[in-house]
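K.L.:
Structure: input.txt, compact mmCIF, C-alpha atoms.
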# COMPACT_ATOMS: atom_id res chain seq x y z
CA MET A 243 0.00 0.00 0.00
CA VAL A 244 1.29 3.44 -0.95
CA ARG A 245 1.72 5.74 2.05
CA VAL A 246 -0.59 8.73 1.93
CA THR A 247 1.59 11.82 1.66
CA GLY A 248 -0.86 14.38 0.34
CA ASN A 249 -3.82 15.32 2.54
CA PHE A 250 -6.52 17.19 0.61
CA GLN A 251 -9.37 16.31 3.00
CA SER A 252 -11.19 19.07 4.87
CA GLU A 253 -9.68 17.87 8.14
CA SER A 254 -6.06 18.54 8.94
CA THR A 255 -3.54 18.20 11.72
CA LEU A 256 -3.48 20.80 14.48
CA HIS A 257 -1.55 23.99 13.93
CA PRO A 258 1.98 23.18 15.18
CA LYS A 259 1.89 26.05 17.70
CA ALA A 260 -1.39 24.75 19.10
CA PHE A 261 0.08 21.28 19.35
CA ASP A 262 3.06 22.71 21.23
CA VAL A 263 0.88 24.31 23.94
CA LEU A 264 -1.60 21.46 24.31
CA HIS A 265 0.36 19.57 26.94
CA ALA A 266 0.90 22.68 29.06
CA ALA A 267 -2.74 23.63 28.58
CA PHE A 268 -3.90 20.32 30.05
CA ASP A 269 -1.31 20.67 32.82
CA ASN A 270 -2.47 24.14 33.89
CA GLY A 271 -6.06 24.36 32.68
CA TRP A 272 -7.64 21.32 34.29
CA ALA A 273 -9.58 23.08 37.03
CA ASP A 274 -13.09 24.55 36.86
CA PRO A 275 -12.73 28.29 36.14
CA ALA A 276 -15.95 28.93 38.06
CA LYS A 277 -14.56 27.67 41.38
CA LEU A 278 -12.92 29.89 44.01
CA SER A 279 -9.92 27.63 44.58
CA GLN A 280 -6.38 28.64 43.64
CA SER A 281 -6.41 26.22 40.71
CA GLY A 282 -9.82 27.56 39.69
CA ALA A 283 -8.46 31.13 39.71
CA LYS A 284 -5.56 30.02 37.54
CA ALA A 285 -7.93 28.34 35.09
CA ARG A 286 -10.12 31.46 35.10
CA GLN A 287 -7.11 33.60 34.21
CA LEU A 288 -6.17 31.25 31.39
CA LYS A 289 -9.73 31.27 30.06
CA ASN A 290 -9.85 35.06 30.14
CA ASN A 291 -6.53 35.22 28.31
CA ALA A 292 -7.84 32.83 25.65
CA LEU A 293 -11.03 34.83 25.19
CA GLU A 294 -9.06 38.10 24.97
CA SER A 295 -6.83 36.57 22.32
CA ILE A 296 -9.81 35.25 20.32
CA SER A 297 -11.51 38.63 20.66
CA THR A 298 -8.48 40.39 19.18
CA SER A 299 -8.02 37.90 16.36
CA LEU A 300 -11.70 37.95 15.34
CA SER A 301 -12.18 41.70 16.01
CA VAL A 302 -15.20 41.10 18.24
CA GLU A 303 -16.03 42.11 21.81
CA VAL A 304 -14.86 39.70 24.50
CA ASP A 305 -18.29 39.49 26.10
CA SER A 306 -19.81 38.47 22.75
CA ILE A 307 -17.84 35.18 22.68
CA LEU A 308 -19.55 31.94 23.70
CA PRO A 309 -17.41 28.85 23.06
CA VAL A 310 -19.53 25.77 22.25
CA SER A 311 -18.89 22.10 21.77
CA PRO A 312 -19.65 20.30 19.56
CA THR A 313 -19.61 22.91 16.82
CA SER A 314 -22.98 21.70 15.51
CA LEU A 315 -24.60 22.87 18.78
CA GLY A 316 -23.66 26.38 17.72
CA TYR A 317 -26.11 26.24 14.81
CA PHE A 318 -29.00 25.55 17.14
CA LEU A 319 -27.89 28.20 19.62
CA GLY A 320 -27.10 30.78 16.96
CA VAL A 321 -30.26 30.36 14.86
CA GLN A 322 -32.89 29.22 17.33
CA GLY A 323 -31.71 31.81 19.86
CA LEU A 324 -32.80 34.59 17.47
CA PHE A 325 -36.30 33.22 17.07
CA LEU A 326 -39.50 34.83 18.28
CA ASP A 327 -42.87 33.06 18.24
CA SER A 328 -43.88 34.83 15.03
CA SER A 329 -40.55 34.48 13.22
CA THR A 330 -39.88 32.85 9.85
CA LEU A 331 -36.43 31.51 9.01
CA ILE A 332 -34.90 32.19 5.62
CA HIS A 333 -31.79 30.22 4.67
CA GLY A 334 -29.90 28.94 1.66
CA ALA A 335 -30.33 25.71 -0.29
CA THR A 336 -26.64 24.89 0.10
CA ASP A 337 -26.45 25.50 3.85
CA ARG A 338 -25.12 22.88 6.18
CA LYS A 339 -27.50 20.12 7.23
CA ASP A 340 -27.38 21.56 10.77
CA VAL A 341 -29.33 24.61 9.52
CA PHE A 342 -31.83 22.37 7.73
CA ALA A 343 -32.27 20.45 10.98
CA VAL A 344 -33.18 23.65 12.85
CA ALA A 345 -35.41 24.81 9.96
CA ALA A 346 -37.35 21.53 9.94
CA LYS A 347 -39.16 22.47 13.14
CA ILE A 348 -40.00 26.10 12.34
CA PRO A 349 -41.60 28.13 9.52
CA HIS A 350 -38.93 28.61 6.87
CA HIS A 351 -38.16 29.69 3.33
CA VAL A 352 -35.21 28.40 1.30
CA LEU A 353 -33.13 30.63 -0.99
CA LYS A 354 -32.37 28.81 -4.24
CA SER A 355 -28.83 28.53 -5.55
CA ALA A 356 -27.65 29.62 -8.99
CA LEU A 357 -25.25 27.41 -10.98
CA ASN A 358 -22.36 29.50 -9.66
CA GLY A 359 -23.31 28.56 -6.09
CA ARG A 360 -24.56 31.98 -5.07
CA PHE A 361 -28.01 32.39 -3.57
CA ILE A 362 -30.70 34.06 -5.64
CA PRO A 363 -32.09 36.96 -3.61
CA THR A 364 -35.84 36.89 -3.19
CA ASP A 365 -38.50 39.04 -1.62
CA VAL A 366 -40.19 37.27 1.25
CA ALA A 367 -43.22 39.28 2.28
CA THR A 368 -43.08 38.28 5.92
CA LYS A 369 -42.27 40.21 9.04
CA ASN A 370 -39.91 39.00 11.76
CA LEU A 371 -37.56 37.25 9.37
CA VAL A 372 -34.53 35.48 10.81
CA LEU A 373 -31.82 35.09 8.18
CA ALA A 374 -29.31 32.23 8.43
CA LEU A 375 -26.57 32.97 5.92
CA GLN A 376 -23.43 31.01 5.18
CA ILE A 377 -20.47 33.18 4.26
CA ALA A 378 -18.75 30.42 2.28
CA ASN A 379 -19.90 26.94 1.39
CA ALA A 380 -18.35 23.96 3.13
CA GLU A 381 -18.21 21.80 -0.01
CA THR A 382 -17.42 24.21 -2.82
CA GLY A 383 -15.92 27.22 -1.03
CA VAL A 384 -18.28 29.56 -2.92
CA ILE A 385 -18.51 32.89 -1.11
CA GLN A 386 -21.93 34.48 -0.86
CA GLU A 387 -22.71 38.11 -1.60
CA CYS A 388 -23.67 38.62 2.02
CA ASP A 389 -24.45 42.32 1.96
CA ALA A 390 -26.78 41.91 -1.03
CA ILE A 391 -28.63 38.99 0.56
CA ILE A 392 -28.95 40.83 3.86
CA ALA A 393 -30.27 43.91 2.07
CA SER A 394 -32.78 41.89 0.04
CA THR A 395 -34.30 40.14 3.06
CA GLN A 396 -34.34 43.26 5.26
CA SER A 397 -34.00 40.98 8.23
CA GLU A 398 -32.86 42.48 11.51
CA ARG A 399 -31.97 39.15 13.06
CA ILE A 400 -29.10 37.57 11.19
CA PHE A 401 -27.09 34.42 11.90
CA LEU A 402 -23.83 34.11 9.97
CA ASP A 403 -22.25 30.72 9.35
CA ALA A 404 -18.53 31.46 9.31
CA THR A 405 -17.52 27.87 10.04
CA THR A 406 -15.89 27.39 6.64
CA SER A 407 -14.77 30.94 5.86
CA GLY A 408 -13.18 31.42 9.29
CA ILE A 409 -10.84 34.40 9.17
CA ARG A 410 -10.33 34.11 5.41
CA VAL A 411 -13.37 36.33 4.75
CA PRO A 412 -14.26 39.34 6.93
CA LEU A 413 -17.63 39.24 8.69
CA PRO A 414 -20.24 41.61 7.25
CA ASP A 415 -20.98 44.50 9.60
CA GLN A 416 -24.61 43.60 10.04
CA PHE A 417 -25.33 40.45 12.05
CA SER A 418 -26.75 39.28 15.35
CA THR A 419 -24.95 35.96 15.86
CA ALA A 420 -22.09 34.25 14.03
CA LEU A 421 -20.52 30.83 14.35
CA PHE A 422 -16.87 29.99 13.74
CA ASP A 423 -15.30 26.54 13.66
CA SER A 424 -11.94 26.19 15.38
CA LYS A 425 -10.91 23.77 12.60
CA SER A 426 -10.95 26.63 10.10
CA TRP A 427 -7.80 28.07 11.71
CA TYR A 428 -6.29 24.64 12.40
CA GLY A 429 -7.42 24.55 16.02
CA PRO A 430 -9.01 21.51 17.70
CA ALA A 431 -12.06 19.95 16.07
CA GLU A 432 -15.59 20.08 17.53
CA LEU A 433 -14.98 23.43 19.12
CA GLY A 434 -17.17 26.27 17.91
CA ILE A 435 -16.94 29.95 18.69
CA LEU A 436 -20.39 31.52 18.80
CA ILE A 437 -20.45 35.31 18.63
CA VAL A 438 -23.52 37.00 20.07
CA LYS A 439 -23.12 40.54 18.82
CA LYS A 440 -26.57 41.73 19.71
CA HIS A 441 -27.58 40.35 23.07
CA SER A 442 -30.97 42.06 22.75
CA HIS A 443 -31.73 39.78 19.75
CA TRP A 444 -30.66 36.54 21.39
CA SER A 445 -31.87 34.32 24.20
CA ASN A 446 -30.48 30.97 25.19
CA PRO A 447 -32.80 28.39 23.56
CA LEU A 448 -31.54 25.57 25.80
CA PRO A 449 -33.41 24.86 29.03
CA HIS A 450 -31.70 26.98 31.67
CA ILE A 451 -32.23 28.55 35.08
CA ASN A 452 -29.92 31.55 35.06
CA ALA A 453 -29.86 33.50 31.79
CA ALA A 454 -26.62 35.20 32.80
CA HIS A 455 -24.72 31.92 32.87
CA PRO A 456 -24.86 29.82 29.69
CA ASN A 457 -25.31 26.15 30.48
CA PHE A 458 -22.86 25.04 27.81
CA ASP A 459 -19.09 25.27 27.77
CA VAL A 460 -15.97 23.70 26.27
CA SER A 461 -12.77 22.06 27.39
CA LEU A 462 -10.47 24.84 28.60
CA PRO A 463 -7.25 23.21 27.30
CA LEU A 464 -8.81 22.87 23.85
CA LEU A 465 -9.97 26.49 23.99
CA LEU A 466 -6.42 27.57 24.85
CA ALA A 467 -5.03 25.53 21.95
CA SER A 468 -7.62 27.04 19.63
CA ALA A 469 -6.71 30.58 20.72
CA VAL A 470 -3.05 29.89 20.00
CA ALA A 471 -3.86 28.37 16.61
CA LEU A 472 -6.03 31.36 15.74
CA GLU A 473 -3.45 33.90 16.85
CA ASN A 474 -0.77 32.24 14.73
CA PHE A 475 -2.93 31.50 11.69
CA SER A 476 -4.00 35.16 11.69
CA THR A 477 -0.45 36.09 10.74
CA GLU A 478 -0.22 33.31 8.14
CA VAL A 479 -3.60 33.44 6.44
CA GLU A 480 -2.69 35.97 3.76
CA GLY A 481 0.30 33.93 2.61
CA ALA A 482 -1.73 30.72 2.83
CA ASN A 483 -4.45 32.20 0.62
CA THR A 484 -1.96 33.46 -1.94
CA GLN A 485 -0.25 30.08 -2.20
CA ALA A 486 -3.55 28.20 -2.27
CA ARG A 487 -4.91 30.42 -5.04
CA THR A 488 -1.92 29.62 -7.25
CA PHE A 489 -2.31 25.88 -6.61
CA ASN A 490 -6.08 26.05 -7.04
CA GLN A 491 -5.75 27.83 -10.40
CA ASN A 492 -3.25 25.21 -11.45
CA LEU A 493 -5.63 22.36 -10.56
CA ARG A 494 -8.63 24.02 -12.21
CA SER A 495 -6.62 24.58 -15.37
CA LYS A 496 -5.58 20.91 -15.53
CA PHE A 497 -9.05 19.54 -14.68
CA SER A 498 -10.78 21.77 -17.21
CA GLN A 499 -8.74 20.06 -19.92
CA VAL A 500 -10.36 16.74 -19.00
CA SER A 501 -13.51 16.16 -21.06
CA ASP A 502 -16.81 16.48 -19.21
CA ALA A 503 -15.35 17.85 -16.00
CA ASP A 504 -17.81 19.97 -14.02
CA ILE A 505 -16.11 22.40 -11.63
CA ALA A 506 -18.38 23.89 -8.95
CA GLY A 507 -18.10 27.67 -8.80
CA SER A 508 -15.39 29.97 -10.02
CA LEU A 509 -12.15 30.66 -8.20
CA ASP A 510 -12.84 34.42 -8.28
CA THR A 511 -15.88 33.96 -6.05
CA SER A 512 -14.64 31.08 -3.91
CA LEU A 513 -12.29 30.43 -1.03
CA ALA A 514 -8.82 30.01 -2.48
CA HIS A 515 -8.11 26.74 -0.69
CA MET A 516 -11.19 24.78 -1.80
CA LEU A 517 -12.17 23.05 -5.02
CA SER A 518 -14.99 20.68 -5.96
CA VAL A 519 -14.96 18.94 -9.35
CA SER A 520 -17.10 16.16 -10.83
CA PHE A 521 -16.25 13.92 -13.75
CA LEU A 522 -19.07 12.59 -15.91
CA ASN A 523 -19.37 8.79 -16.09
CA CYS A 524 -17.01 8.19 -13.16
CA ASN A 525 -17.87 6.44 -9.92
CA GLY A 526 -16.97 8.77 -7.04
CA GLU A 527 -16.09 6.02 -4.59
CA GLU A 528 -13.87 4.19 -7.07
CA LEU A 529 -12.18 7.45 -8.00
CA LEU A 530 -11.58 8.37 -4.36
CA ARG A 531 -10.10 4.94 -3.61
CA ALA A 532 -7.89 4.99 -6.71
CA ILE A 533 -6.52 8.44 -5.79
CA GLU A 534 -5.96 7.24 -2.22
CA SER A 535 -3.97 4.29 -3.52
CA ASP A 536 -1.70 6.78 -5.30
CA GLY A 537 -1.02 8.49 -1.95
CA TYR A 538 -3.55 11.34 -1.88
CA SER A 539 -6.55 11.67 0.45
CA VAL A 540 -9.54 13.62 -0.86
CA ASP A 541 -13.23 14.04 0.05
CA SER A 542 -16.26 13.36 -2.14
CA GLY A 543 -19.86 14.52 -2.33
CA SER A 544 -21.03 11.62 -4.46
CA ALA A 545 -23.89 9.48 -3.22
CA CYS A 546 -21.85 6.30 -3.36
CA THR A 547 -19.46 7.71 -0.74
CA ALA A 548 -22.19 8.92 1.64
CA ASP A 549 -23.56 6.91 4.55
CA ASN A 550 -27.16 7.49 3.42
CA LEU A 551 -26.41 7.01 -0.31
CA GLN A 552 -27.85 10.46 -1.00
CA PRO A 553 -26.04 12.79 -3.39
CA SER A 554 -24.63 16.06 -2.08
CA HIS A 555 -27.49 18.48 -1.46
CA VAL A 556 -25.05 21.30 -2.26
CA LEU A 557 -24.18 20.03 -5.75
CA SER A 558 -27.83 19.12 -6.38
CA ALA A 559 -28.99 22.62 -5.44
CA MET A 560 -26.40 24.19 -7.73
CA GLY A 561 -27.18 21.85 -10.64
CA VAL A 562 -23.63 20.52 -10.69
CA LEU A 563 -22.97 16.86 -11.47
CA THR A 564 -23.12 14.86 -8.22
CA HIS A 565 -21.44 11.67 -9.36
CA GLY A 566 -17.70 11.30 -9.93
CA ASN A 567 -17.14 14.10 -7.44
CA ILE A 568 -14.02 14.91 -5.47
CA ARG A 569 -13.52 17.77 -3.03
CA LEU A 570 -10.08 19.18 -2.38
CA THR A 571 -8.85 21.36 0.47
CA ILE A 572 -5.43 22.92 0.02
CA HIS A 573 -3.76 23.23 3.42
CA PRO A 574 -0.69 25.27 4.36
CA GLY A 575 2.40 23.16 3.72
CA THR A 576 1.06 21.74 0.46
CA THR A 577 3.81 21.74 -2.15
CA GLN A 578 3.87 22.07 -5.93
CA ALA A 579 4.95 18.42 -6.02
CA ASP A 580 1.77 17.48 -4.10
CA ILE A 581 -0.35 19.43 -6.59
CA ASP A 582 1.41 17.88 -9.59
CA GLY A 583 1.11 14.39 -8.13
CA LEU A 584 -2.53 14.82 -7.21
CA SER A 585 -3.58 16.25 -10.58
CA ALA A 586 -1.72 13.48 -12.42
CA SER A 587 -3.40 10.86 -10.24
CA VAL A 588 -6.88 12.33 -10.75
CA ILE A 589 -6.55 12.57 -14.53
CA LYS A 590 -5.02 9.09 -14.83
CA ASN A 591 -7.75 7.50 -12.73
CA VAL A 592 -10.62 9.37 -14.39
CA ASN A 593 -9.42 8.13 -17.76
CA ALA A 594 -9.02 4.59 -16.45
CA LEU A 595 -12.45 4.48 -14.81
CA ARG A 596 -14.17 5.75 -17.95
CA GLN A 597 -12.88 2.84 -20.04
CA MET B 78 -39.63 5.22 -27.93
CA LYS B 79 -36.78 3.14 -26.60
CA GLU B 80 -36.71 2.55 -22.84
CA ILE B 81 -33.80 2.04 -20.47
CA ASP B 82 -34.67 0.22 -17.26
CA ALA B 83 -31.99 1.34 -14.79
CA ARG B 84 -34.08 0.67 -11.67
CA GLY B 85 -31.90 -0.87 -8.98
CA LEU B 86 -28.74 0.57 -10.48
CA ARG B 87 -26.80 3.13 -8.44
CA CYS B 88 -25.04 6.26 -9.67
CA PRO B 89 -23.34 6.79 -12.02
CA GLN B 90 -24.64 3.69 -13.85
CA PRO B 91 -28.04 5.10 -14.96
CA ILE B 92 -26.34 8.12 -16.53
CA ILE B 93 -23.68 5.92 -18.14
CA GLU B 94 -26.40 3.69 -19.64
CA LEU B 95 -28.22 6.79 -20.87
CA GLY B 96 -25.05 8.22 -22.41
CA LYS B 97 -24.41 5.01 -24.33
CA GLU B 98 -27.93 4.97 -25.75
CA VAL B 99 -27.94 8.67 -26.64
CA SER B 100 -24.68 8.27 -28.55
CA PHE B 101 -26.56 6.13 -31.09
CA MET B 102 -29.52 8.50 -31.38
CA GLN B 103 -30.21 11.23 -33.92
CA ALA B 104 -31.11 14.79 -33.01
CA GLY B 105 -34.80 14.88 -32.09
CA ASP B 106 -34.90 11.23 -30.98
CA GLN B 107 -36.21 10.44 -27.51
CA VAL B 108 -35.52 7.76 -24.91
CA MET B 109 -37.33 6.93 -21.67
CA LEU B 110 -35.09 6.36 -18.63
CA HIS B 111 -36.45 4.54 -15.59
CA SER B 112 -34.28 5.02 -12.51
CA ASP B 113 -34.98 4.99 -8.79
CA ASP B 114 -31.54 6.23 -7.81
CA PRO B 115 -31.81 9.52 -5.87
CA ALA B 116 -28.83 10.97 -7.76
CA THR B 117 -30.38 10.47 -11.21
CA GLU B 118 -32.64 13.54 -11.28
CA PRO B 119 -30.00 16.06 -10.12
CA ASP B 120 -27.48 14.43 -12.42
CA LEU B 121 -29.87 14.68 -15.37
CA VAL B 122 -29.95 18.43 -14.77
CA ALA B 123 -26.15 18.61 -14.96
CA TRP B 124 -25.90 16.04 -17.77
CA SER B 125 -28.39 17.99 -19.90
CA ARG B 126 -26.43 21.21 -19.39
CA MET B 127 -23.11 19.53 -20.17
CA THR B 128 -24.27 17.59 -23.23
CA GLY B 129 -26.78 20.06 -24.66
CA ASN B 130 -29.78 17.73 -24.38
CA VAL B 131 -33.05 18.11 -22.46
CA PHE B 132 -35.16 15.91 -20.20
CA ASP B 133 -38.69 15.90 -18.90
CA LYS B 134 -39.70 14.22 -15.66
CA LYS B 135 -42.72 12.01 -16.25
CA SER B 136 -43.04 10.37 -12.84
CA GLN B 137 -41.03 9.81 -9.68
CA ASP B 138 -38.66 7.45 -11.48
CA SER B 139 -39.26 8.03 -15.19
CA PHE B 140 -37.68 10.63 -17.43
CA VAL B 141 -37.95 11.30 -21.17
CA ILE B 142 -34.71 12.53 -22.69
CA THR B 143 -34.66 14.31 -26.04
CA LYS B 144 -31.42 14.46 -27.97
CA LEU B 145 -30.74 17.95 -29.26
CA SER B 146 -27.01 18.06 -29.81
CA VAL B 147 -24.86 16.09 -32.21
CA ARG B 148 -22.51 14.87 -29.45
Have the structure of the file written as structure tokens, please.

P.N.:
Amino acid sequence: MVRVTGNFQSESTLHPKAFDVLHAAFDNGWADPAKLSQSGAKARQLKNNALESISTSLSVEVDSILPVSPTSLGYFLGVQGLFLDSSTLIHGATDRKDVFAVAAKIPHHVLKSALNGRFIPTDVATKNLVLALQIANAETGVIQECDAIIASTQSERIFLDATTSGIRVPLPDQFSTALFDSKSWYGPAELGILIVKKHSHWSNPLPHINAAHPNFDVSLPLLLASAVALENFSTEVEGANTQARTFNQNLRSKFSQVSDADIAGSLDTSLAHMLSVSFLNCNGEELLRAIESDGYSVDSGSACTADNLQPSHVLSAMGVLTHGNIRLTIHPGTTQADIDGLSASVIKNVNALRQ
Amino acid sequence: MKEIDARGLRCPQPIIELGKEVSFMQAGDQVMLHSDDPATEPDLVAWSRMTGNVFDKKSQDSFVITKLSVR
């Protein structure tokens, strides 16, 4: 078996600086920050330092930060917490399933997607709209025209899904709540950072006794590691985007020379480090396994690779081919040799599978 | 009209079977595709755009495809 040397999956290893502090974080941050003990005070200080650091890196107020775990809980808190009895939710057809799960239990309207992955603004003649808007798509990297969507819905209560865009795309000025995923800056997985910008718009939707004290929290050591990862990635993100854009353009150029390749979204309107491409008449699972056997790990949105055998709802909503799909994430540290090897493997295996 | 029974086949097989049949058809010819795979309908949308043909959904698992292009 060929050793996998090129990781193009959405998941990645921890930021090295975060990895370095993890041991010390567990050593010093084990106590409950809420307790009055000496160790509790130390943990409290560490937590405050982490929140201050996150606040600076994300350019948000410290008291707006609510760390949550798992990240998916943040969707419920961020969207449902904006709801009034008479509210209607409006969200996009390519949103994460977590948003669909919240929408399933409340009145909602879905924004359709154009072929380029951007939502088609629509007039919804309803008062008390809550808008759930993804900044960038988790499968294709397509960046939404947030200001235009916000203006078209005229919603005052806005949840922003920044889990994929992270710090690669600035938050629009107008929002009530926003959710980040620590993974987006190479921090620990399953740690979300919920921002409650407008406390007057939000109430904790979980059963609780004291509204002043959220009844959800995260592991302090993981929060510390996330803060360190974020602080460091903040200084690296511009270079990472520049490098990824060059590699992404290179891959798109090579794949577009393959007959019947369907690339989702354009690089100009997408995150630089993400690419989704489908090849007509190819089996996604076989393609993924063949590429893996050449030493490259990739993701896929094809039905044959999904647990429920359903095609990607993102590609379906866009009208992009769902079979023969691979999704690539270009991480910092990726080399030109990785890109050349991956593109050669993809093209070779697509041609082989089509015969 | 010729019919392709792809029920029970999983993606991308129904679209591959369709592509083979369409390659022998003339512009204006039609073929009925039966498929119960959940990926078939969204893939017909993309396939039609990519190949320049059109389809019409007749029932939950039946589609009539009309060849328009010379591909």

K.L.:
Determine which residues of chain A sit within 9 Å of chain B, taking into account all atoms listed in the file, and present them as a PDB file with C-alpha atoms, in the frame of the given file.

P.N.:
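To be explicit, this is the file written out as iface.pdb:
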ATOM      1  CA  ASP A 502     -16.810  16.480 -19.210  1.00  0.00           C
ATOM      2  CA  ALA A 503     -15.350  17.850 -16.000  1.00  0.00           C
ATOM      3  CA  ASP A 504     -17.810  19.970 -14.020  1.00  0.00           C
ATOM      4  CA  LEU A 522     -19.070  12.590 -15.910  1.00  0.00           C
ATOM      5  CA  ASN A 523     -19.370   8.790 -16.090  1.00  0.00           C
ATOM      6  CA  CYS A 524     -17.010   8.190 -13.160  1.00  0.00           C
ATOM      7  CA  ASN A 525     -17.870   6.440  -9.920  1.00  0.00           C
ATOM      8  CA  GLY A 526     -16.970   8.770  -7.040  1.00  0.00           C
ATOM      9  CA  SER A 544     -21.030  11.620  -4.460  1.00  0.00           C
ATOM     10  CA  ALA A 545     -23.890   9.480  -3.220  1.00  0.00           C
ATOM     11  CA  CYS A 546     -21.850   6.300  -3.360  1.00  0.00           C
ATOM     12  CA  LEU A 551     -26.410   7.010  -0.310  1.00  0.00           C
ATOM     13  CA  GLN A 552     -27.850  10.460  -1.000  1.00  0.00           C
ATOM     14  CA  PRO A 553     -26.040  12.790  -3.390  1.00  0.00           C
ATOM     15  CA  SER A 554     -24.630  16.060  -2.080  1.00  0.00           C
ATOM     16  CA  LEU A 557     -24.180  20.030  -5.750  1.00  0.00           C
ATOM     17  CA  SER A 558     -27.830  19.120  -6.380  1.00  0.00           C
ATOM     18  CA  ALA A 559     -28.990  22.620  -5.440  1.00  0.00           C
ATOM     19  CA  GLY A 561     -27.180  21.850 -10.640  1.00  0.00           C
ATOM     20  CA  VAL A 562     -23.630  20.520 -10.690  1.00  0.00           C
ATOM     21  CA  LEU A 563     -22.970  16.860 -11.470  1.00  0.00           C
ATOM     22  CA  THR A 564     -23.120  14.860  -8.220  1.00  0.00           C
ATOM     23  CA  HIS A 565     -21.440  11.670  -9.360  1.00  0.00           C
ATOM     24  CA  GLY A 566     -17.700  11.300  -9.930  1.00  0.00           C
TER      25      GLY A 566
END

K.L.:
Quick one, how far is CA of Ile392 (chain A) from CA of Thr330 (chain A)?

P.N.:
14.8 Å

K.L.:
How many Å separate CA of Gln251 (chain A) from CA of Asp541 (chain A)?

P.N.:
5.4 Å

K.L.:
Within 10 Å of (-33.1, 17.5, -26.4), only C-alpha atoms: residues as a PDB file with C-alpha atoms, keeping the file's coordinate frame?

P.N.:
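That gives us part-v3.pdb:
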ATOM      1  CA  ALA B 104     -31.110  14.790 -33.010  1.00  0.00           C
ATOM      2  CA  GLY B 105     -34.800  14.880 -32.090  1.00  0.00           C
ATOM      3  CA  ASP B 106     -34.900  11.230 -30.980  1.00  0.00           C
ATOM      4  CA  GLN B 107     -36.210  10.440 -27.510  1.00  0.00           C
ATOM      5  CA  SER B 125     -28.390  17.990 -19.900  1.00  0.00           C
ATOM      6  CA  THR B 128     -24.270  17.590 -23.230  1.00  0.00           C
ATOM      7  CA  GLY B 129     -26.780  20.060 -24.660  1.00  0.00           C
ATOM      8  CA  ASN B 130     -29.780  17.730 -24.380  1.00  0.00           C
ATOM      9  CA  VAL B 131     -33.050  18.110 -22.460  1.00  0.00           C
ATOM     10  CA  PHE B 132     -35.160  15.910 -20.200  1.00  0.00           C
ATOM     11  CA  ASP B 133     -38.690  15.900 -18.900  1.00  0.00           C
ATOM     12  CA  VAL B 141     -37.950  11.300 -21.170  1.00  0.00           C
ATOM     13  CA  ILE B 142     -34.710  12.530 -22.690  1.00  0.00           C
ATOM     14  CA  THR B 143     -34.660  14.310 -26.040  1.00  0.00           C
ATOM     15  CA  LYS B 144     -31.420  14.460 -27.970  1.00  0.00           C
ATOM     16  CA  LEU B 145     -30.740  17.950 -29.260  1.00  0.00           C
ATOM     17  CA  SER B 146     -27.010  18.060 -29.810  1.00  0.00           C
TER      18      SER B 146
END

K.L.:
Would you compute the distance between CA of Ala420 (chain A) and CA of Ile568 (chain A)? Give it in Å to one decimal.

P.N.:
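The value is 28.6 Å.
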
K.L.:
Leaving out region 289-297 of chain A and any residue of its chain fewer than 2 positions from it, which residues lie within 12 Å of it when counting only C-alpha atoms, given as an NGL selection string?

P.N.:
:A and (267 or 270-276 or 282-287 or 299-309 or 409 or 422 or 424 or 427 or 429 or 434-437 or 439 or 459-476)
